[in-house]
Protein chains: 2
Amino acid sequence: MEIRFQAIGIIHTPYKESAPYQPVEEAEDEFTAVLEPRYEAGLFKLEKFRYIYLIYYIDRLNVQPKMHVKPPWAGSVEVGLFASRSPARPNPIGLSVVKVKKVEGNVVYTSGLDVFDGTPLLDIKPYIRELDSKEDANYGWIEGLDNREHLMLHIKGIPHKY
Amino acid sequence: MEIRFQAIGIIHTPYKESAPYQPVEEAEDEFTAVLEPRYEAGLFKLEKFRYIYLIYYIDRLNVQPKMHVKPPWAGSVEVGLFASRSPARPNPIGLSVVKVKKVEGNVVYTSGLDVFDGTPLLDIKPYIRELDSKEDANYGWIEGLDNREHLMLHIKGIPHKY
């Protein structure tokens, strides 16, 4: 079965040639999701949410997915592709949790986002505290690594000195 | 631009003809994501995570999406489609956060999941505490409703008496 989707809009970021691995909330540049005008009415009351999910098509990657990967920030640890957030997946669907700054017309202004400028947007969903915020969530295999806090800076793309 | 995906596996649930709106964590029935054998190696170390995202294709819905919706559990409140989790979306991509119970071969056993039996699976991603658990997340427009706690039972599909 082949499944067909179409972009509902385009994500704009400052990243033309490289991007962090994961959203950088503190980034000061402008990050927007610009919907096609026919979908603008679908944004009604979205601004009430502090966080939303952006779901997008990772279109800038021409790499055949491998079932075992070594995340670049995790040294030489090898894990299964589905236990990683590697962008090279059988279906290159990207998922990011971002803050909503404001909504103006068909434009959603968000916190930092880890994708290339021009990335096709597939969906926006509200991040609802009781459904999506799991306070007992863990770090999976990352917990077993020596310097987890330092690694989290890498995975979140936060600049740091050591 | 047309975007093409293929199922990487199938989700099995007890729901043949109706399903709750959102995952029911407490459900005692069996919920599994069965991957195609060629993707089995991609599950290595997935079991280390307490929660994962399942991303799937909502294939059992032949409804044209409307940009304003009235979620069935929210009385007569009207909101934008993208401020809702309605399944009738321009790209019918479903997203659920579930607990990993165990992984055996190409089968992931999960907590309760709000989809029909036989739903095509598109991706599995680890839910990583520091990236995905937003403790300051809110309830968006749901906060303005009178009986939010009662409504959350509905949105989560939890059986209750009143």
# chains A, B, ... in the order shown; residues from 1 in each chain; ligands from 1
$ closest_atom_pairs --of "chain B" --to "chain A" --cutoff "6 Å" --atoms "only C-alpha atoms" --output "CSV"
residue,atom,partner,partner_atom,distance
B:Glu2,CA,A:Gln6,CA,5.3
B:Ile3,CA,A:Phe5,CA,5.0
B:Arg4,CA,A:Arg4,CA,4.7
B:Phe5,CA,A:Ile3,CA,5.0
B:Gln6,CA,A:Glu2,CA,5.3
B:Ala41,CA,A:Met67,CA,5.6
B:Gly42,CA,A:Gly80,CA,4.0
B:Leu43,CA,A:Gly80,CA,5.0
B:Phe44,CA,A:Gly80,CA,4.2
B:Lys45,CA,A:Val79,CA,6.0
B:Leu46,CA,A:Ala83,CA,4.5
B:Lys48,CA,A:Gly140,CA,4.4
B:Phe49,CA,A:Gly140,CA,4.0
B:Arg50,CA,A:Ala137,CA,5.9
B:Met67,CA,A:Gly42,CA,4.3
B:Val79,CA,A:Phe44,CA,5.7
B:Gly80,CA,A:Gly42,CA,4.0
B:Leu81,CA,A:Gly42,CA,4.5
B:Phe82,CA,A:Gly42,CA,5.3
B:Ala83,CA,A:Leu46,CA,4.5
B:Asn91,CA,A:Phe5,CA,5.7
B:Ile124,CA,A:Phe82,CA,5.5
B:Lys125,CA,A:Phe82,CA,5.5
B:Pro126,CA,A:Ala83,CA,5.4
B:Ile128,CA,A:Tyr139,CA,5.3
B:Arg129,CA,A:Ala137,CA,5.1
B:Ser133,CA,A:Ser133,CA,4.6
B:Lys134,CA,A:Ser133,CA,5.5
B:Ala137,CA,A:Arg129,CA,5.1
B:Asn138,CA,A:Arg129,CA,5.2
B:Tyr139,CA,A:Ile128,CA,5.3
B:Gly140,CA,A:Phe49,CA,4.0
B:Trp141,CA,A:Lys48,CA,5.5
$ closest_residue --among "B:Val115, B:Leu153, B:Val103, B:Val108" --to "Glu17 of chain B" --atoms "only C-alpha atoms"
B:Val115
$ select_by_dssp --residues "segment 8-161 of chain A" --states "strand (DSSP E or B)" --output "PDB file with N, CA and C atoms, in the first residue's frame"
ATOM      1  N   GLY A   9       1.891  23.310   4.044  1.00  0.00           N
ATOM      2  CA  GLY A   9       2.576  24.590   4.190  1.00  0.00           C
ATOM      3  C   GLY A   9       4.078  24.351   4.194  1.00  0.00           C
ATOM      4  N   ILE A  10       4.814  25.382   4.551  1.00  0.00           N
ATOM      5  CA  ILE A  10       6.274  25.324   4.505  1.00  0.00           C
ATOM      6  C   ILE A  10       6.829  25.867   5.825  1.00  0.00           C
ATOM      7  N   ILE A  11       7.876  25.219   6.324  1.00  0.00           N
ATOM      8  CA  ILE A  11       8.545  25.705   7.533  1.00  0.00           C
ATOM      9  C   ILE A  11       9.733  26.577   7.120  1.00  0.00           C
ATOM     10  N   HIS A  12       9.834  27.747   7.756  1.00  0.00           N
ATOM     11  CA  HIS A  12      10.968  28.626   7.488  1.00  0.00           C
ATOM     12  C   HIS A  12      11.855  28.742   8.728  1.00  0.00           C
ATOM     13  N   PHE A  31      11.451  31.591  13.412  1.00  0.00           N
ATOM     14  CA  PHE A  31      11.032  30.270  12.953  1.00  0.00           C
ATOM     15  C   PHE A  31       9.527  30.345  12.701  1.00  0.00           C
ATOM     16  N   THR A  32       9.108  30.002  11.502  1.00  0.00           N
ATOM     17  CA  THR A  32       7.683  30.089  11.191  1.00  0.00           C
ATOM     18  C   THR A  32       7.208  28.858  10.436  1.00  0.00           C
ATOM     19  N   ALA A  33       5.940  28.554  10.638  1.00  0.00           N
ATOM     20  CA  ALA A  33       5.250  27.558   9.804  1.00  0.00           C
ATOM     21  C   ALA A  33       4.201  28.348   9.040  1.00  0.00           C
ATOM     22  N   VAL A  34       4.336  28.386   7.714  1.00  0.00           N
ATOM     23  CA  VAL A  34       3.434  29.186   6.878  1.00  0.00           C
ATOM     24  C   VAL A  34       2.492  28.233   6.156  1.00  0.00           C
ATOM     25  N   LEU A  35       1.228  28.290   6.531  1.00  0.00           N
ATOM     26  CA  LEU A  35       0.253  27.375   5.925  1.00  0.00           C
ATOM     27  C   LEU A  35      -0.256  27.910   4.596  1.00  0.00           C
ATOM     28  N   TYR A  51       2.557  24.750  23.802  1.00  0.00           N
ATOM     29  CA  TYR A  51       3.376  23.909  22.927  1.00  0.00           C
ATOM     30  C   TYR A  51       2.510  23.255  21.849  1.00  0.00           C
ATOM     31  N   ILE A  52       3.124  23.020  20.715  1.00  0.00           N
ATOM     32  CA  ILE A  52       2.466  22.269  19.648  1.00  0.00           C
ATOM     33  C   ILE A  52       3.467  21.269  19.057  1.00  0.00           C
ATOM     34  N   TYR A  53       2.922  20.284  18.373  1.00  0.00           N
ATOM     35  CA  TYR A  53       3.755  19.393  17.561  1.00  0.00           C
ATOM     36  C   TYR A  53       3.768  19.914  16.128  1.00  0.00           C
ATOM     37  N   LEU A  54       4.935  19.957  15.536  1.00  0.00           N
ATOM     38  CA  LEU A  54       5.023  20.127  14.086  1.00  0.00           C
ATOM     39  C   LEU A  54       5.456  18.786  13.502  1.00  0.00           C
ATOM     40  N   ILE A  55       4.737  18.341  12.487  1.00  0.00           N
ATOM     41  CA  ILE A  55       5.067  17.096  11.790  1.00  0.00           C
ATOM     42  C   ILE A  55       5.414  17.473  10.353  1.00  0.00           C
ATOM     43  N   TYR A  56       6.561  17.033   9.898  1.00  0.00           N
ATOM     44  CA  TYR A  56       7.044  17.515   8.602  1.00  0.00           C
ATOM     45  C   TYR A  56       7.746  16.393   7.833  1.00  0.00           C
ATOM     46  N   TYR A  57       7.992  16.706   6.579  1.00  0.00           N
ATOM     47  CA  TYR A  57       8.636  15.757   5.670  1.00  0.00           C
ATOM     48  C   TYR A  57      10.120  16.117   5.579  1.00  0.00           C
ATOM     49  N   HIS A  68      20.745  -0.135  12.142  1.00  0.00           N
ATOM     50  CA  HIS A  68      21.529   0.225  13.324  1.00  0.00           C
ATOM     51  C   HIS A  68      22.215   1.561  13.051  1.00  0.00           C
ATOM     52  N   VAL A  69      22.168   2.475  14.024  1.00  0.00           N
ATOM     53  CA  VAL A  69      22.773   3.795  13.842  1.00  0.00           C
ATOM     54  C   VAL A  69      23.648   4.132  15.039  1.00  0.00           C
ATOM     55  N   VAL A  79      22.648   1.820  18.313  1.00  0.00           N
ATOM     56  CA  VAL A  79      21.282   1.503  18.728  1.00  0.00           C
ATOM     57  C   VAL A  79      20.433   1.264  17.485  1.00  0.00           C
ATOM     58  N   GLY A  80      19.247   0.721  17.704  1.00  0.00           N
ATOM     59  CA  GLY A  80      18.329   0.515  16.590  1.00  0.00           C
ATOM     60  C   GLY A  80      17.810   1.855  16.078  1.00  0.00           C
ATOM     61  N   ILE A  93       9.641  11.083   8.372  1.00  0.00           N
ATOM     62  CA  ILE A  93       8.699  11.992   9.020  1.00  0.00           C
ATOM     63  C   ILE A  93       9.400  12.605  10.217  1.00  0.00           C
ATOM     64  N   GLY A  94       9.427  13.923  10.283  1.00  0.00           N
ATOM     65  CA  GLY A  94      10.021  14.624  11.404  1.00  0.00           C
ATOM     66  C   GLY A  94       8.962  15.074  12.385  1.00  0.00           C
ATOM     67  N   LEU A  95       9.344  15.089  13.667  1.00  0.00           N
ATOM     68  CA  LEU A  95       8.413  15.467  14.737  1.00  0.00           C
ATOM     69  C   LEU A  95       9.159  16.373  15.701  1.00  0.00           C
ATOM     70  N   SER A  96       8.648  17.577  15.930  1.00  0.00           N
ATOM     71  CA  SER A  96       9.280  18.468  16.899  1.00  0.00           C
ATOM     72  C   SER A  96       8.219  19.100  17.788  1.00  0.00           C
ATOM     73  N   VAL A  97       8.554  19.209  19.075  1.00  0.00           N
ATOM     74  CA  VAL A  97       7.710  19.935  20.011  1.00  0.00           C
ATOM     75  C   VAL A  97       8.265  21.357  20.096  1.00  0.00           C
ATOM     76  N   VAL A  98       7.450  22.349  19.771  1.00  0.00           N
ATOM     77  CA  VAL A  98       7.906  23.750  19.813  1.00  0.00           C
ATOM     78  C   VAL A  98       6.895  24.608  20.568  1.00  0.00           C
ATOM     79  N   LYS A  99       7.377  25.751  21.057  1.00  0.00           N
ATOM     80  CA  LYS A  99       6.476  26.728  21.680  1.00  0.00           C
ATOM     81  C   LYS A  99       5.796  27.567  20.608  1.00  0.00           C
ATOM     82  N   VAL A 100       4.538  27.897  20.850  1.00  0.00           N
ATOM     83  CA  VAL A 100       3.846  28.838  19.970  1.00  0.00           C
ATOM     84  C   VAL A 100       4.103  30.245  20.491  1.00  0.00           C
ATOM     85  N   LYS A 101       4.702  31.102  19.672  1.00  0.00           N
ATOM     86  CA  LYS A 101       4.906  32.491  20.089  1.00  0.00           C
ATOM     87  C   LYS A 101       3.685  33.342  19.737  1.00  0.00           C
ATOM     88  N   LYS A 102       3.245  33.241  18.525  1.00  0.00           N
ATOM     89  CA  LYS A 102       2.013  33.923  18.102  1.00  0.00           C
ATOM     90  C   LYS A 102       1.552  33.326  16.791  1.00  0.00           C
ATOM     91  N   VAL A 103       0.281  33.602  16.477  1.00  0.00           N
ATOM     92  CA  VAL A 103      -0.286  33.185  15.193  1.00  0.00           C
ATOM     93  C   VAL A 103      -0.820  34.437  14.525  1.00  0.00           C
ATOM     94  N   GLU A 104      -0.380  34.702  13.305  1.00  0.00           N
ATOM     95  CA  GLU A 104      -0.875  35.862  12.548  1.00  0.00           C
ATOM     96  C   GLU A 104      -1.304  35.387  11.176  1.00  0.00           C
ATOM     97  N   VAL A 107       0.320  32.329   9.451  1.00  0.00           N
ATOM     98  CA  VAL A 107       1.698  32.134   9.897  1.00  0.00           C
ATOM     99  C   VAL A 107       1.751  31.835  11.398  1.00  0.00           C
ATOM    100  N   VAL A 108       2.389  30.722  11.745  1.00  0.00           N
ATOM    101  CA  VAL A 108       2.599  30.354  13.147  1.00  0.00           C
ATOM    102  C   VAL A 108       4.062  30.644  13.484  1.00  0.00           C
ATOM    103  N   TYR A 109       4.294  31.523  14.450  1.00  0.00           N
ATOM    104  CA  TYR A 109       5.653  31.835  14.902  1.00  0.00           C
ATOM    105  C   TYR A 109       5.989  30.917  16.066  1.00  0.00           C
ATOM    106  N   THR A 110       7.120  30.219  15.964  1.00  0.00           N
ATOM    107  CA  THR A 110       7.442  29.208  16.976  1.00  0.00           C
ATOM    108  C   THR A 110       8.827  29.438  17.575  1.00  0.00           C
ATOM    109  N   THR A 119      11.355  23.323   4.560  1.00  0.00           N
ATOM    110  CA  THR A 119      10.866  21.958   4.822  1.00  0.00           C
ATOM    111  C   THR A 119       9.332  21.883   4.698  1.00  0.00           C
ATOM    112  N   PRO A 120       8.826  20.891   3.966  1.00  0.00           N
ATOM    113  CA  PRO A 120       7.371  20.755   3.811  1.00  0.00           C
ATOM    114  C   PRO A 120       6.686  20.334   5.114  1.00  0.00           C
ATOM    115  N   LEU A 121       5.659  21.100   5.480  1.00  0.00           N
ATOM    116  CA  LEU A 121       4.884  20.823   6.700  1.00  0.00           C
ATOM    117  C   LEU A 121       3.760  19.848   6.384  1.00  0.00           C
ATOM    118  N   LEU A 122       3.601  18.834   7.235  1.00  0.00           N
ATOM    119  CA  LEU A 122       2.544  17.839   7.012  1.00  0.00           C
ATOM    120  C   LEU A 122       1.354  18.017   7.948  1.00  0.00           C
ATOM    121  N   ASP A 123       1.629  18.435   9.187  1.00  0.00           N
ATOM    122  CA  ASP A 123       0.535  18.547  10.151  1.00  0.00           C
ATOM    123  C   ASP A 123       0.988  19.385  11.344  1.00  0.00           C
ATOM    124  N   ILE A 124       0.003  19.983  12.002  1.00  0.00           N
ATOM    125  CA  ILE A 124       0.213  20.639  13.290  1.00  0.00           C
ATOM    126  C   ILE A 124      -0.800  20.032  14.244  1.00  0.00           C
ATOM    127  N   LYS A 125      -0.344  19.653  15.444  1.00  0.00           N
ATOM    128  CA  LYS A 125      -1.258  19.136  16.462  1.00  0.00           C
ATOM    129  C   LYS A 125      -0.991  19.868  17.770  1.00  0.00           C
ATOM    130  N   PRO A 126      -2.030  20.102  18.577  1.00  0.00           N
ATOM    131  CA  PRO A 126      -1.774  20.694  19.887  1.00  0.00           C
ATOM    132  C   PRO A 126      -1.076  19.690  20.799  1.00  0.00           C
TER     133      PRO A 126
END
